[in-house]
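The next block holds one structure in the form of C-alpha cells; read it before the comments.
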Amino acid sequence: MTQSQIGLIGLGTMGAMLALNIAEKGFPIAVWNRTASVTHGFKAEAGVLAEKITPCETLADLVAAIAKPRAIILMVPAGDPVDEMIADLTPLLDADDLIIDAGNALFHDTDRRAAAAAIKGPHFLGIGVSGGAEGARHGPAIMGGGLRSDWDRVAPILNAIAAKYKGEPCADYMGPAGAGHFVKAVHNGIEYADMQMIAEVYGVMRDGLGMEAQAIAETFKAWNTGPLQSYLIEISGEVAAATDTHSGKPMLDMILDRAGQKGTGRWTVIEAQQLAATIPAIEAAVMARNLSSRLEERLAGEAVFGAAPQKTANVTLAQLEQAMIAGKILCYAQGFALISAASKAFDWPMPLPEIARVWREGCIIRSSMLNDMATALTEDAERNLMLAPFFADHLKATHGALRQVIAAGALSGLPVPALASGLAWFDMMRTGRSTANMIQAQRDFFGAHGFERVDGIADKHGPWAGHGL
Ligand code: NDP
C-alpha cells in the first residue's frame, strides 16, 4: 500500500476541510480522530477523494501509515489537547519526524513546545491558518513558525493547499518558534478591529440614519467595489441582505447583540501591552466584545440614563465610507507596528511585506488594500504604514470624514469606540508637541522622577516638592 505523505489529527470543522484540501491537491493523507466514528464517517463522505485518505483507528496505525520522515498536522483545540497529543505521539515517532500544530495556539505555548522539541524531538512547527472552514477547504492563508528547514520540508504541501493571489501561494515562513502563531494572533486582532469598525458604521446607518437592512446591504455592496473591497465588507453586505426564515424579518434584527470570542484578540492586546506597542483600535474592539456580552449591565444603564437619541442628520453615507477607509488603514497600521515591535523584542525577523502578501487571499482580513500595503512595506518595512505616501494620501483625504462620523456619533450617543480610538491614535501620531510634559511634571512632583527639559539644561526637577524652592 502507498504510504501517506502526511497525517492529520482532529477531523473537526477545520481539520476535516484541511484534510480534504490536502487530498484534493494529490497528497495521500492518513487521518485519526479522537472519536473513531468521525474518522470513518469522514472517509465515507469524502467521495472521489476517499482513495487518497487512509482512516486510522489508533495513533500507532496513523504513524505506521505515513512515509518517513513523518509530518503530522494537529487540528485540535488550542491548549491542553495539543500538549496531550504531543505527549501521546512522541513515543511513537522518530526524532526527525515533525508535528505541526495548525490550531490557534497562544504563541508562548508554541515557543515552549518548540524549545522542548529542539532538545528531544520530534521536530515541531506552529502554523497559523486563517480563512475559516471555507478557507481550509479551498485555500487558507498560512503563517509558519519554527525551523526554516522544517517549513521547507512541508512547504510543497502547504503551498499547494494555500489560497493563491495571482498564482502566488498565500503561505510563508514567518520566523522561529512562535512567530507563525504570533502573526496569526495579530491577524485576528486586526480582524476584531475591522469587524468592530464595520459594526460601528452599521450602527450609524441603522440607528443614526434609520436605514433598513436592505439599504444597508446595498451600501456595503457598493463599498465593496471601491477602496474598501474586502471579504469582511462583502459578507457584511450578505448578512445584512439575509431574511430570517422563522420571522420573515431581516436576519440581523433577530440576532442577539452579544459577541463571542475565543481569546486571540485578547492575546494580541495583552502582548501589545507587554511590548508597549500602541494598538488602540484593536483594544477598543476587544473592549466592545467584552462589553457586548454584559447585556444586563447595558440594560441597567439604559434604565437609569435612558437610551441616547441616536438619530443624526450630521453624517452622510459618503462620509461613512471615507471614515471606514481611514479607520481600516489605521487599524492595519497598528497591527503591522505591533509585529514590527515584536520582531525587534523577540529578535525574530518577521517579514512584514510577506505578511501583507500572505494576507491578500484566503484569510478573513483579505482586502484589496493589502496589496498596496505589501508594496508600501516592501519600499520601507521600518516606516509606519500610515506614513507611506499611498496611505498618507488616503488618510489626508479621509480623516476629515472620520472626524465628522465620530463627532456625529458623540453628539447622538452612537458608540464608535474603534473608529474614535483609531482617530485619537492618528492625532497623537501627528502631534510633535504632545501633552506628556504635564505627565512628566506630575511624576516629578509626587515622585521626584525627573524629566528632560526642552532647552537641554541639565536641571531635571521642577520648583516644587522641595526642589528649587
Ligand atoms: P472543532 O471543535 O470543530 O474540532 C475539534 C477537533 O479536535 C475534533 O476533531 C475533536 O475530536 C478534536 N479534539 C477535541 N479535543 C481533543 C482532545 N483533547 N484530544 C484529541 N482530539 C481532540 O474545532 P475547529 O476545527 O473549529 O478548531 C480546531 C483548531 O483550529 C482550534 O485551535 C481553532 O482555534 C483553530 N481554528 C479554527 C477556525 C474556525 O473557523 N473554526 C479558524 C482557524 C483556526 P472529537 O470528534 O473526538 O470531538
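Each chain in the C-alpha cells gets a letter, A, B and so on, in the order shown; residues start at 1 in every chain, and ligands are counted from 1 in the order they appear.
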For this session: Using DSSP on the backbone, list every residue of range 157-203 of chain A that comes out as helix (DSSP H, G or I), and give them as a PyMOL selection string.
Result: chain A and resi 157-161+179-203
For this session: With only C-alpha atoms and all ligand atoms counted, collect every polymer residue having an atom within 7 Å of ligand 1; state the result as an MDAnalysis selection string.
Result: chainID A and resid 10:15 33:35 38 75:78 80:81 84:85 102:105 129:133
For this session: Excluding Leu93 in chain A and any residue of its chain fewer than 6 positions from it, enumerate the residues within 9 Å of it, using only C-alpha atoms, and give them as a ChimeraX atom specification.
Result: /A:63,70,121-122
Suppose we keep N, CA and C atoms; can you now write the selection as a tab-separated table (two decimals), in the first residue's frame?
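Dumped to part01.tsv:
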```tsv
chain	number	residue	atom	x	y	z
A	63	VAL	N	0.72	6.54	12.64
A	63	VAL	CA	2.17	6.70	12.49
A	63	VAL	C	2.69	5.70	11.44
A	70	ARG	N	8.19	11.53	8.99
A	70	ARG	CA	6.75	11.79	9.00
A	70	ARG	C	6.43	13.26	9.32
A	121	GLY	N	13.27	16.17	20.30
A	121	GLY	CA	12.48	15.75	19.15
A	121	GLY	C	11.13	15.19	19.60
A	122	PRO	N	10.25	14.85	18.71
A	122	PRO	CA	10.30	15.16	17.28
A	122	PRO	C	10.27	16.67	17.03
```
For this session: For range 388-403 of chain A, list every protein, DNA or RNA residue within 7 Å, evaluated using only C-alpha atoms, and leave out those in the same chain fewer than 5 positions away; present the list as an NGL selection string.
Result: :A and (319 or 322-323 or 326 or 376)
Exercise. CA of Leu295 in chain A to CA of Ser247 in chain A: how many Å, to one decimal?
Worked result: 23.0 Å
Exercise. Excluding same-chain residues fewer than 6 positions from Pro353 in chain A, what lies within 10 Å of it counting only C-alpha atoms, as a list in words?
Worked result: Phe336, Leu370, Asn371, Met373, Ala374, Thr375, Ala376, Leu377, Thr378, Glu379, Asp380 and Ala381 of chain A
For C-alpha atoms, I'd like the residues from the last selection saved as a tab-separated table (two decimals), in the first residue's frame.
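The result, stored in selection.tsv:
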```
chain	number	residue	atom	x	y	z
A	336	PHE	CA	1.87	45.93	11.48
A	370	LEU	CA	-3.34	44.56	1.43
A	371	ASN	CA	-1.64	44.54	-1.95
A	373	MET	CA	0.29	47.54	1.98
A	374	ALA	CA	2.66	44.87	0.67
A	375	THR	CA	4.03	47.42	-1.81
A	376	ALA	CA	4.42	50.09	0.89
A	377	LEU	CA	6.14	47.68	3.28
A	378	THR	CA	8.46	46.47	0.52
A	379	GLU	CA	9.52	50.09	-0.04
A	380	ASP	CA	10.26	50.54	3.67
A	381	ALA	CA	9.31	47.95	6.28
```
Please identify every residue of range 260-370 of chain A that has at least one atom no farther than 6 Å from an atom of range 199-216 of chain A, counting only C-alpha atoms, and for each give the shortest atom pair and the distance in Å to one decimal, arranged by chain then increasing number, as a Markdown table.
```
| residue | atom | partner | partner_atom | distance |
| --- | --- | --- | --- | --- |
| A:Gln310 | CA | A:Gly208 | CA | 5.2 |
| A:Lys311 | CA | A:Gly208 | CA | 4.1 |
| A:Thr312 | CA | A:Gly208 | CA | 4.9 |
```
